[in-house]
file query00.cif (mmCIF, C-alpha atoms)
data_target
loop_
_atom_site.label_atom_id
_atom_site.label_comp_id
_atom_site.auth_asym_id
_atom_site.auth_seq_id
_atom_site.Cartn_x
_atom_site.Cartn_y
_atom_site.Cartn_z
CA MET A 53 82.69 65.46 18.44
CA SER A 54 84.47 64.06 21.48
CA ILE A 55 83.40 62.92 24.90
CA GLN A 56 85.16 63.09 28.24
CA ILE A 57 86.13 59.72 29.73
CA VAL A 58 86.51 59.73 33.51
CA LYS A 59 87.91 56.69 35.33
CA SER A 60 88.57 58.07 38.82
CA ILE A 61 85.82 58.29 41.44
CA ARG A 62 87.39 61.36 43.01
CA GLU A 63 87.68 63.12 39.65
CA MET A 64 84.07 62.28 38.78
CA GLN A 65 82.86 63.61 42.13
CA ASP A 66 84.86 66.82 41.69
CA ILE A 67 83.48 67.36 38.18
CA ALA A 68 79.91 66.72 39.35
CA GLU A 69 80.32 69.07 42.31
CA ARG A 70 81.64 71.80 40.02
CA PHE A 71 78.60 71.45 37.75
CA ARG A 72 76.29 71.63 40.76
CA CYS A 73 78.02 74.79 42.01
CA GLU A 74 77.48 76.30 38.56
CA GLY A 75 73.76 75.59 38.91
CA LYS A 76 73.70 72.97 36.17
CA ILE A 77 71.25 70.04 36.20
CA ILE A 78 73.00 66.66 36.02
CA ALA A 79 71.40 63.50 34.63
CA VAL A 80 72.98 60.06 34.85
CA VAL A 81 72.26 56.98 32.74
CA PRO A 82 73.79 53.90 34.44
CA THR A 83 74.68 51.09 32.03
CA MET A 84 76.91 48.04 31.74
CA GLY A 85 78.01 49.15 28.30
CA TYR A 86 77.78 47.49 24.91
CA LEU A 87 75.32 50.26 24.17
CA HIS A 88 72.44 49.81 21.73
CA GLN A 89 69.58 52.04 20.65
CA GLY A 90 67.69 51.22 23.84
CA HIS A 91 70.51 52.81 25.83
CA ALA A 92 70.65 55.65 23.31
CA SER A 93 66.98 56.37 23.97
CA LEU A 94 67.73 56.74 27.69
CA ILE A 95 70.57 59.17 26.97
CA LYS A 96 68.34 61.20 24.64
CA ILE A 97 65.67 61.45 27.33
CA ALA A 98 68.30 62.52 29.86
CA ARG A 99 69.48 65.18 27.38
CA LEU A 100 65.99 66.67 27.32
CA HIS A 101 65.95 67.12 31.10
CA ALA A 102 69.50 68.15 31.98
CA ASP A 103 72.41 70.44 31.22
CA VAL A 104 74.97 67.68 31.71
CA VAL A 105 74.48 64.00 30.82
CA ILE A 106 76.74 61.37 32.36
CA THR A 107 76.63 57.81 31.05
CA THR A 108 78.23 55.26 33.33
CA ILE A 109 79.74 52.11 31.85
CA PHE A 110 80.59 49.47 34.41
CA VAL A 111 80.10 45.71 34.14
CA ASN A 112 79.32 45.20 37.80
CA PRO A 113 80.65 41.85 39.06
CA THR A 114 78.55 41.85 42.23
CA GLN A 115 75.28 41.44 40.31
CA PHE A 116 76.46 38.29 38.51
CA ALA A 117 76.27 34.84 40.07
CA PRO A 118 79.33 32.56 39.64
CA ASN A 119 77.60 30.60 36.85
CA GLU A 120 76.56 33.71 34.90
CA ASP A 121 78.18 35.59 32.03
CA TYR A 122 80.29 38.22 33.79
CA LYS A 123 83.54 37.32 32.01
CA SER A 124 81.90 36.91 28.61
CA TYR A 125 79.56 39.91 28.87
CA PRO A 126 80.17 41.98 25.70
CA ARG A 127 82.45 45.00 26.07
CA ASP A 128 83.40 47.59 23.44
CA LEU A 129 84.31 51.07 24.68
CA ASP A 130 84.98 52.52 21.21
CA HIS A 131 81.51 51.44 20.08
CA ASP A 132 80.00 52.78 23.31
CA LYS A 133 81.68 56.16 22.84
CA THR A 134 80.13 56.50 19.38
CA VAL A 135 76.63 55.63 20.60
CA ALA A 136 76.93 57.90 23.64
CA ILE A 137 78.16 60.86 21.58
CA ASP A 138 75.44 60.43 18.97
CA ALA A 139 72.78 60.27 21.69
CA GLY A 140 74.04 63.43 23.41
CA ALA A 141 76.12 62.33 26.41
CA ASP A 142 78.79 64.68 27.74
CA ILE A 143 80.77 62.34 29.99
CA ILE A 144 81.37 58.60 30.27
CA PHE A 145 82.25 57.40 33.75
CA PHE A 146 84.27 54.23 33.12
CA PRO A 147 85.85 52.92 36.33
CA ASP A 148 87.81 49.73 36.87
CA VAL A 149 86.49 47.12 39.29
CA SER A 150 89.34 47.91 41.69
CA GLU A 151 88.26 51.57 41.65
CA MET A 152 84.67 50.70 42.57
CA TYR A 153 85.41 47.94 45.08
CA SER A 154 88.44 48.10 47.33
CA LYS A 155 89.72 44.92 48.97
CA GLU A 156 88.10 46.08 52.23
CA PHE A 157 84.68 46.74 50.65
CA SER A 158 81.93 45.14 52.74
CA SER A 159 78.83 47.38 52.60
CA ILE A 160 75.58 46.52 50.83
CA VAL A 161 72.27 48.16 49.99
CA GLU A 162 69.31 45.78 49.85
CA VAL A 163 65.58 46.11 49.31
CA GLU A 164 63.50 43.47 51.06
CA GLY A 165 60.46 41.92 49.46
CA ALA A 166 60.58 43.04 45.84
CA SER A 167 64.18 41.90 45.41
CA LYS A 168 63.35 38.30 46.34
CA ILE A 169 60.71 37.44 43.72
CA LEU A 170 60.90 36.85 39.95
CA GLU A 171 64.46 37.78 38.96
CA GLY A 172 65.46 37.62 42.61
CA SER A 173 64.26 34.03 42.98
CA PHE A 174 66.41 32.89 40.05
CA ARG A 175 69.32 35.25 40.77
CA PRO A 176 69.37 35.56 44.59
CA THR A 177 72.29 37.99 44.88
CA HIS A 178 71.51 40.01 41.76
CA PHE A 179 69.54 42.93 43.17
CA GLN A 180 71.83 43.33 46.16
CA GLY A 181 74.60 43.93 43.62
CA VAL A 182 72.42 46.27 41.57
CA THR A 183 71.22 48.44 44.44
CA THR A 184 74.68 48.70 45.97
CA VAL A 185 76.35 49.77 42.74
CA VAL A 186 73.52 52.17 41.86
CA ALA A 187 73.84 53.81 45.28
CA LYS A 188 77.57 54.20 44.65
CA ILE A 189 76.97 55.65 41.19
CA PHE A 190 74.53 58.17 42.62
CA HIS A 191 77.06 59.30 45.22
CA ILE A 192 79.82 59.49 42.61
CA THR A 193 77.95 61.34 39.84
CA LYS A 194 75.73 63.47 42.13
CA PRO A 195 72.80 63.63 39.70
CA HIS A 196 69.52 65.47 39.95
CA ILE A 197 67.96 63.00 37.50
CA ALA A 198 68.59 59.34 36.64
CA VAL A 199 67.11 57.48 33.68
CA PHE A 200 66.43 53.73 33.66
CA GLY A 201 64.66 51.46 31.17
CA GLN A 202 61.30 49.77 31.54
CA LYS A 203 62.72 46.51 30.13
CA ASP A 204 64.27 45.89 33.54
CA ALA A 205 60.95 46.64 35.25
CA GLN A 206 61.80 44.99 38.55
CA GLN A 207 65.13 46.81 38.70
CA ALA A 208 63.38 50.10 37.94
CA PHE A 209 60.94 49.58 40.80
CA ILE A 210 63.72 48.64 43.22
CA VAL A 211 65.83 51.67 42.26
CA GLN A 212 62.81 53.92 42.83
CA LYS A 213 62.38 52.26 46.22
CA ILE A 214 65.91 52.97 47.42
CA VAL A 215 65.70 56.55 46.17
CA LYS A 216 62.50 57.07 48.16
CA ASP A 217 63.45 55.09 51.25
CA LEU A 218 66.99 56.47 51.54
CA ASN A 219 66.09 60.06 50.57
CA PHE A 220 68.46 60.40 47.64
CA GLY A 221 66.60 63.42 46.30
CA ILE A 222 66.94 62.23 42.70
CA LYS A 223 64.17 62.24 40.11
CA ILE A 224 63.90 58.81 38.47
CA ILE A 225 62.64 58.64 34.89
CA ILE A 226 61.58 55.25 33.53
CA ALA A 227 61.87 55.13 29.75
CA PRO A 228 59.81 52.84 27.48
CA ILE A 229 61.16 49.60 26.05
CA VAL A 230 62.78 49.96 22.63
CA ARG A 231 62.09 47.06 20.27
CA GLU A 232 63.32 45.82 16.94
CA GLU A 233 60.80 46.16 14.11
CA ASP A 234 59.76 42.54 14.67
CA GLY A 235 59.09 43.14 18.37
CA LEU A 236 62.19 41.72 20.07
CA ALA A 237 63.21 43.94 22.98
CA LEU A 238 66.69 45.37 22.55
CA SER A 239 69.27 43.83 24.87
CA SER A 240 73.05 43.60 24.94
CA ARG A 241 72.59 39.84 25.40
CA ASN A 242 70.79 39.51 22.05
CA ILE A 243 74.26 39.18 20.51
CA TYR A 244 74.45 35.69 22.06
CA LEU A 245 71.47 34.45 20.01
CA ASN A 246 72.12 32.37 16.91
CA ASP A 247 69.85 32.94 13.90
CA THR A 248 67.39 30.23 14.89
CA ASP A 249 67.09 31.34 18.50
CA ARG A 250 66.82 34.99 17.40
CA LYS A 251 63.81 34.08 15.25
CA ASN A 252 62.29 31.85 17.92
CA ALA A 253 62.62 34.59 20.57
CA LEU A 254 59.89 36.57 18.81
CA VAL A 255 57.37 34.40 20.68
CA LEU A 256 58.08 36.48 23.80
CA TYR A 257 56.47 39.64 22.47
CA ARG A 258 53.70 37.62 20.80
CA SER A 259 52.82 36.07 24.15
CA LEU A 260 52.74 39.50 25.80
CA GLN A 261 50.51 40.83 23.03
CA TYR A 262 48.20 37.86 23.57
CA ALA A 263 48.00 38.66 27.28
CA ALA A 264 47.20 42.31 26.54
CA LYS A 265 44.41 41.31 24.18
CA ARG A 266 42.85 38.90 26.68
CA ILE A 267 43.07 41.35 29.57
CA GLN A 268 41.62 44.23 27.56
CA GLU A 269 38.80 41.91 26.50
CA GLY A 270 37.96 41.42 30.18
CA ALA A 271 39.94 38.36 31.36
CA ARG A 272 40.96 38.77 35.00
CA ASN A 273 42.12 35.33 36.22
CA VAL A 274 45.79 34.91 35.34
CA THR A 275 45.83 31.09 35.25
CA ASP A 276 44.20 30.65 31.85
CA ILE A 277 46.20 33.51 30.33
CA ARG A 278 49.46 32.05 31.63
CA ILE A 279 48.64 28.61 30.19
CA GLU A 280 48.08 30.08 26.73
CA MET A 281 51.22 32.24 26.99
CA GLU A 282 53.21 29.12 27.81
CA LYS A 283 51.86 27.43 24.69
CA ILE A 284 52.88 30.39 22.54
CA ILE A 285 56.36 30.52 24.05
CA LYS A 286 56.90 26.77 23.79
CA GLY A 287 56.18 27.14 20.08
CA GLY A 288 59.53 28.94 19.90
CA ASN A 289 61.39 25.92 21.32
CA PRO A 290 62.86 27.61 24.40
CA SER A 291 65.33 25.71 26.53
CA GLN A 292 63.57 26.88 29.70
CA ILE A 293 60.76 29.17 30.86
CA ASP A 294 61.87 30.68 34.17
CA TYR A 295 58.65 32.56 34.88
CA ILE A 296 55.55 34.23 33.47
CA ALA A 297 54.29 36.61 36.12
CA PHE A 298 51.45 39.05 36.58
CA VAL A 299 52.43 41.89 38.88
CA ASN A 300 50.84 44.89 40.54
CA PRO A 301 53.47 47.45 39.45
CA GLU A 302 52.63 49.90 42.24
CA ILE A 303 53.89 47.53 44.95
CA PHE A 304 55.63 44.92 42.78
CA LYS A 305 53.78 41.91 44.06
CA GLU A 306 52.40 39.04 42.01
CA VAL A 307 48.63 38.82 41.61
CA GLU A 308 46.29 36.00 40.72
CA ILE A 309 43.34 38.24 39.92
CA ILE A 310 43.98 41.28 37.73
CA GLU A 311 42.58 44.55 39.01
CA PRO A 312 42.53 48.07 37.53
CA PRO A 313 44.15 50.32 36.61
CA VAL A 314 47.24 48.50 35.32
CA VAL A 315 49.04 45.16 35.43
CA LEU A 316 52.62 44.30 34.50
CA VAL A 317 53.12 41.02 32.68
CA ALA A 318 56.76 39.96 32.97
CA LEU A 319 58.65 36.92 31.75
CA ALA A 320 62.09 35.38 31.64
CA VAL A 321 62.85 32.69 29.08
CA ARG A 322 66.01 30.94 27.90
CA PHE A 323 66.78 30.18 24.28
CA GLY A 324 69.79 27.93 24.16
CA THR A 325 72.07 29.38 26.83
CA THR A 326 70.75 32.94 26.43
CA ARG A 327 68.35 34.24 29.05
CA LEU A 328 65.99 36.99 27.89
CA ILE A 329 63.55 39.10 29.89
CA ASP A 330 60.63 41.15 28.62
CA ASN A 331 57.49 42.75 29.98
CA LEU A 332 54.43 44.77 29.07
CA LEU A 333 52.43 47.26 31.11
CA ILE A 334 48.76 46.69 30.31
CA ARG A 335 46.18 49.32 31.19
CA LEU A 336 42.71 47.97 31.81
CA LYS A 337 39.81 49.46 29.90
#
call {"tool": "encode", "arguments": {"input": "query00.cif", "output": "structure tokens"}}
result
Amino acid sequence: MSIQIVKSIREMQDIAERFRCEGKIIAVVPTMGYLHQGHASLIKIARLHADVVITTIFVNPTQFAPNEDYKSYPRDLDHDKTVAIDAGADIIFFPDVSEMYSKEFSSIVEVEGASKILEGSFRPTHFQGVTTVVAKIFHITKPHIAVFGQKDAQQAFIVQKIVKDLNFGIKIIIAPIVREEDGLALSSRNIYLNDTDRKNALVLYRSLQYAAKRIQEGARNVTDIRIEMEKIIKGGNPSQIDYIAFVNPEIFKEVEIIEPPVVLVALAVRFGTTRLIDNLLIRLK
């Protein structure tokens, strides 16, 4: 099997418009490439809902801070083509940075509030870069459906917000986190982990499982749960815990007292120089 690679914005728009005129349903799966089985799961879900599946591969420089891993972020188009084909994608949109951002580019899309907490507090320009590039991808690929992963829960909420607020008319599907058998959430950045840090990182999911158990047993004050989660995580010798947060996922605001029907427990932790995020949606009994 083969897959069509499109690098030009104009060509991608023309292709998408032709599909729309033919009455076909388009789904897009935006990624930064170095695809793994988590990405493949998003493509497979898109395949179930659409006639045409477009996977975008673009390492977006505007969502990286100067001290982050933009230049070293893993890239492998041949590998990505194989994963995308196996998962059922029809087209890969693979633009250059100069194609996406002209020298005169100066427009931004920004969501207030939710983009400033958690990830936003540690990466202040991150979500501005995400929302701007996602808006561009939507205009370029003209989808009816877009699929994002729950692992980036804050990003998923913010994308849903711009779609609603700016009337994109796109159905957003949020797909479950895909984990290794031992519980580690799949991430392109897992490749940075050495063997010791890879083993130590398993404390992330263990701490989330602990939180779920406590909450389902009736605990509602987050302070005690957070203290115990910190102990579990510190047992994995992290280099830094950025945050452990309890969030109302409907409005994406942190809470101190957990209330039904659901709470999102989210964390960001560094092992060596590798920063990992994970989360768990916990439904209250």
call {"tool": "residues_around", "arguments": {"input": "query00.cif", "residues": "region 106-109 of chain A", "least_positions_apart": "4", "cutoff": "9 Å", "atoms": "all atoms listed in the file", "output": "MDAnalysis selection string"}}
result
chainID A and resid 78:86 95 98 129 132 136 141:147 189 193 195
call {"tool": "closest_residue", "arguments": {"input": "query00.cif", "among": "A:Gly201, A:Pro228, A:Gly140, A:Pro312", "to": "Ile55 (chain A)", "atoms": "only C-alpha atoms"}}
result
A:Gly140
call {"tool": "closest_residue", "arguments": {"input": "query00.cif", "among": "A:Ser158, A:Gln56, A:Gln212, A:Asn289", "to": "Val105 (chain A)", "atoms": "all atoms listed in the file"}}
result
A:Gln56
call {"tool": "closest_residue", "arguments": {"input": "query00.cif", "among": "A:Ile214, A:Val161, A:Ile61, A:Ile197", "to": "Asp103 (chain A)", "atoms": "only C-alpha atoms"}}
result
A:Ile197
call {"tool": "residues_around", "arguments": {"input": "query00.cif", "residues": "Gly324 (chain A)", "least_positions_apart": "6", "cutoff": "9 Å", "atoms": "only C-alpha atoms", "output": "PyMOL selection string"}}
result
chain A and resi 245-246+249+290-292
call {"tool": "closest_residue", "arguments": {"input": "query00.cif", "among": "A:Arg99, A:Ile77, A:Gly235, A:Tyr244", "to": "Tyr125 (chain A)", "atoms": "all atoms listed in the file"}}
result
A:Tyr244
call {"tool": "atom_distance", "arguments": {"input": "query00.cif", "atom1": "CA of Arg241 (chain A)", "atom2": "CA of Ile97 (chain A)"}}
result
22.8 Å
call {"tool": "atom_distance", "arguments": {"input": "query00.cif", "atom1": "CA of Gly221 (chain A)", "atom2": "CA of His196 (chain A)"}}
result
7.3 Å
call {"tool": "residues_around", "arguments": {"input": "query00.cif", "residues": "Ile277 (chain A)", "least_positions_apart": "3", "cutoff": "10 Å", "atoms": "only C-alpha atoms", "output": "VMD selection string"}}
result
chain A and resid 259 to 260 262 to 264 266 to 267 271 to 274 280 to 282 296 298
call {"tool": "resolve_selection", "arguments": {"input": "query00.cif", "expression": "the PyMOL selection byres ((chain A and resi 180) around 10)", "output": "PDB file with C-alpha atoms, in the coordinates of the input"}}
result
ATOM      1  CA  THR A 114      78.550  41.850  42.230  1.00  0.00           C
ATOM      2  CA  GLN A 115      75.280  41.440  40.310  1.00  0.00           C
ATOM      3  CA  ILE A 160      75.580  46.520  50.830  1.00  0.00           C
ATOM      4  CA  VAL A 161      72.270  48.160  49.990  1.00  0.00           C
ATOM      5  CA  GLU A 162      69.310  45.780  49.850  1.00  0.00           C
ATOM      6  CA  VAL A 163      65.580  46.110  49.310  1.00  0.00           C
ATOM      7  CA  GLU A 164      63.500  43.470  51.060  1.00  0.00           C
ATOM      8  CA  SER A 167      64.180  41.900  45.410  1.00  0.00           C
ATOM      9  CA  LYS A 168      63.350  38.300  46.340  1.00  0.00           C
ATOM     10  CA  GLY A 172      65.460  37.620  42.610  1.00  0.00           C
ATOM     11  CA  PRO A 176      69.370  35.560  44.590  1.00  0.00           C
ATOM     12  CA  THR A 177      72.290  37.990  44.880  1.00  0.00           C
ATOM     13  CA  HIS A 178      71.510  40.010  41.760  1.00  0.00           C
ATOM     14  CA  PHE A 179      69.540  42.930  43.170  1.00  0.00           C
ATOM     15  CA  GLY A 181      74.600  43.930  43.620  1.00  0.00           C
ATOM     16  CA  VAL A 182      72.420  46.270  41.570  1.00  0.00           C
ATOM     17  CA  THR A 183      71.220  48.440  44.440  1.00  0.00           C
ATOM     18  CA  THR A 184      74.680  48.700  45.970  1.00  0.00           C
ATOM     19  CA  VAL A 185      76.350  49.770  42.740  1.00  0.00           C
ATOM     20  CA  VAL A 186      73.520  52.170  41.860  1.00  0.00           C
TER      21      VAL A 186
END
call {"tool": "atom_distance", "arguments": {"input": "query00.cif", "atom1": "CA of Ile224 (chain A)", "atom2": "CA of Val199 (chain A)"}}
result
5.9 Å
call {"tool": "closest_residue", "arguments": {"input": "query00.cif", "among": "A:Pro301, A:Pro118, A:Pro313, A:Gly75", "to": "Ala166 (chain A)", "atoms": "all atoms listed in the file"}}
result
A:Pro301
call {"tool": "closest_residue", "arguments": {"input": "query00.cif", "among": "A:Asp148, A:Glu74, A:Asp276, A:Asp294", "to": "Val111 (chain A)", "atoms": "only C-alpha atoms"}}
result
A:Asp148
call {"tool": "resolve_selection", "arguments": {"input": "query00.cif", "expression": "the PyMOL selection byres ((chain A and resi 200) around 7)", "output": "NGL selection string"}}
result
:A and (81 or 94 or 198-199 or 201-202 or 208 or 225-227)
call {"tool": "resolve_selection", "arguments": {"input": "query00.cif", "expression": "the PyMOL selection byres ((chain A and resi 135) around 8)", "output": "list in words"}}
result
Leu87, His88, Gln89, Ala92, His131, Asp132, Lys133, Thr134, Ala136, Ile137, Asp138 and Ala139 of chain A
call {"tool": "residues_near_point", "arguments": {"input": "query00.cif", "point": "(38.9, 49.6, 31.6)", "cutoff": "10 Å", "atoms": "only C-alpha atoms", "output": "MDAnalysis selection string"}}
result
chainID A and resid 267:270 311:314 335:337
call {"tool": "decode", "arguments": {"input": "query00.cif", "residues": "region 250-331 of chain A", "atoms": "C-alpha atoms", "output": "JSON list (two decimals), in the first residue's frame"}}
result
[["chain", "number", "residue", "atom", "x", "y", "z"],
["A", 250, "ARG", "CA", 12.11, 4.32, 31.88],
["A", 251, "LYS", "CA", 11.64, 1.93, 34.81],
["A", 252, "ASN", "CA", 11.35, 4.76, 37.34],
["A", 253, "ALA", "CA", 8.70, 6.53, 35.25],
["A", 254, "LEU", "CA", 6.23, 3.77, 36.08],
["A", 255, "VAL", "CA", 5.56, 5.60, 39.35],
["A", 256, "LEU", "CA", 3.44, 8.09, 37.37],
["A", 257, "TYR", "CA", 0.68, 5.62, 36.58],
["A", 258, "ARG", "CA", 0.98, 4.05, 40.04],
["A", 259, "SER", "CA", 0.37, 7.44, 41.63],
["A", 260, "LEU", "CA", -2.69, 8.01, 39.42],
["A", 261, "GLN", "CA", -4.03, 4.57, 40.32],
["A", 262, "TYR", "CA", -3.55, 5.44, 43.99],
["A", 263, "ALA", "CA", -5.53, 8.65, 43.52],
["A", 264, "ALA", "CA", -8.33, 6.76, 41.78],
["A", 265, "LYS", "CA", -8.53, 4.25, 44.62],
["A", 266, "ARG", "CA", -8.66, 6.95, 47.30],
["A", 267, "ILE", "CA", -11.27, 9.01, 45.46],
["A", 268, "GLN", "CA", -13.49, 6.02, 44.75],
["A", 269, "GLU", "CA", -13.22, 5.09, 48.42],
["A", 270, "GLY", "CA", -14.67, 8.51, 49.28],
["A", 271, "ALA", "CA", -11.71, 10.88, 49.73],
["A", 272, "ARG", "CA", -12.63, 14.40, 48.59],
["A", 273, "ASN", "CA", -9.92, 16.74, 49.91],
["A", 274, "VAL", "CA", -7.05, 16.80, 47.42],
["A", 275, "THR", "CA", -4.30, 17.80, 49.87],
["A", 276, "ASP", "CA", -3.81, 14.39, 51.49],
["A", 277, "ILE", "CA", -4.06, 12.58, 48.15],
["A", 278, "ARG", "CA", -1.48, 14.88, 46.59],
["A", 279, "ILE", "CA", 0.95, 14.34, 49.49],
["A", 280, "GLU", "CA", 0.78, 10.56, 49.05],
["A", 281, "MET", "CA", 1.09, 10.85, 45.26],
["A", 282, "GLU", "CA", 4.24, 12.91, 45.74],
["A", 283, "LYS", "CA", 5.68, 10.18, 47.95],
["A", 284, "ILE", "CA", 4.97, 7.54, 45.31],
["A", 285, "ILE", "CA", 6.50, 9.65, 42.55],
["A", 286, "LYS", "CA", 9.57, 10.57, 44.58],
["A", 287, "GLY", "CA", 10.16, 6.83, 44.99],
["A", 288, "GLY", "CA", 11.02, 6.86, 41.28],
["A", 289, "ASN", "CA", 13.80, 9.42, 41.78],
["A", 290, "PRO", "CA", 12.44, 12.13, 39.48],
["A", 291, "SER", "CA", 14.56, 15.18, 38.78],
["A", 292, "GLN", "CA", 11.55, 17.45, 39.27],
["A", 293, "ILE", "CA", 7.80, 17.32, 39.89],
["A", 294, "ASP", "CA", 6.26, 20.22, 37.98],
["A", 295, "TYR", "CA", 2.70, 19.69, 39.19],
["A", 296, "ILE", "CA", 0.10, 17.25, 40.49],
["A", 297, "ALA", "CA", -3.28, 18.81, 39.83],
["A", 298, "PHE", "CA", -6.92, 17.96, 40.40],
["A", 299, "VAL", "CA", -9.12, 19.53, 37.74],
["A", 300, "ASN", "CA", -12.80, 19.90, 36.96],
["A", 301, "PRO", "CA", -12.61, 18.70, 33.33],
["A", 302, "GLU", "CA", -15.82, 20.45, 32.30],
["A", 303, "ILE", "CA", -14.32, 23.92, 32.81],
["A", 304, "PHE", "CA", -10.64, 22.98, 33.24],
["A", 305, "LYS", "CA", -10.10, 24.65, 36.56],
["A", 306, "GLU", "CA", -8.21, 23.26, 39.53],
["A", 307, "VAL", "CA", -10.24, 22.16, 42.55],
["A", 308, "GLU", "CA", -9.38, 21.63, 46.19],
["A", 309, "ILE", "CA", -12.51, 19.64, 46.99],
["A", 310, "ILE", "CA", -13.49, 16.87, 44.59],
["A", 311, "GLU", "CA", -17.12, 16.86, 43.50],
["A", 312, "PRO", "CA", -19.12, 14.47, 41.29],
["A", 313, "PRO", "CA", -19.38, 13.31, 38.62],
["A", 314, "VAL", "CA", -15.74, 13.25, 37.49],
["A", 315, "VAL", "CA", -12.32, 14.67, 38.29],
["A", 316, "LEU", "CA", -9.18, 14.78, 36.15],
["A", 317, "VAL", "CA", -5.92, 14.10, 37.95],
["A", 318, "ALA", "CA", -3.03, 15.43, 35.87],
["A", 319, "LEU", "CA", 0.70, 15.53, 36.44],
["A", 320, "ALA", "CA", 3.95, 16.57, 34.83],
["A", 321, "VAL", "CA", 7.22, 15.08, 36.07],
["A", 322, "ARG", "CA", 10.80, 15.13, 34.84],
["A", 323, "PHE", "CA", 13.08, 12.11, 34.84],
["A", 324, "GLY", "CA", 16.57, 13.26, 34.02],
["A", 325, "THR", "CA", 16.02, 15.82, 31.28],
["A", 326, "THR", "CA", 12.83, 14.17, 29.97],
["A", 327, "ARG", "CA", 9.52, 15.76, 30.88],
["A", 328, "LEU", "CA", 6.52, 13.41, 30.92],
["A", 329, "ILE", "CA", 2.83, 14.19, 31.35],
["A", 330, "ASP", "CA", 0.03, 11.82, 32.27],
["A", 331, "ASN", "CA", -3.51, 11.99, 33.58]]
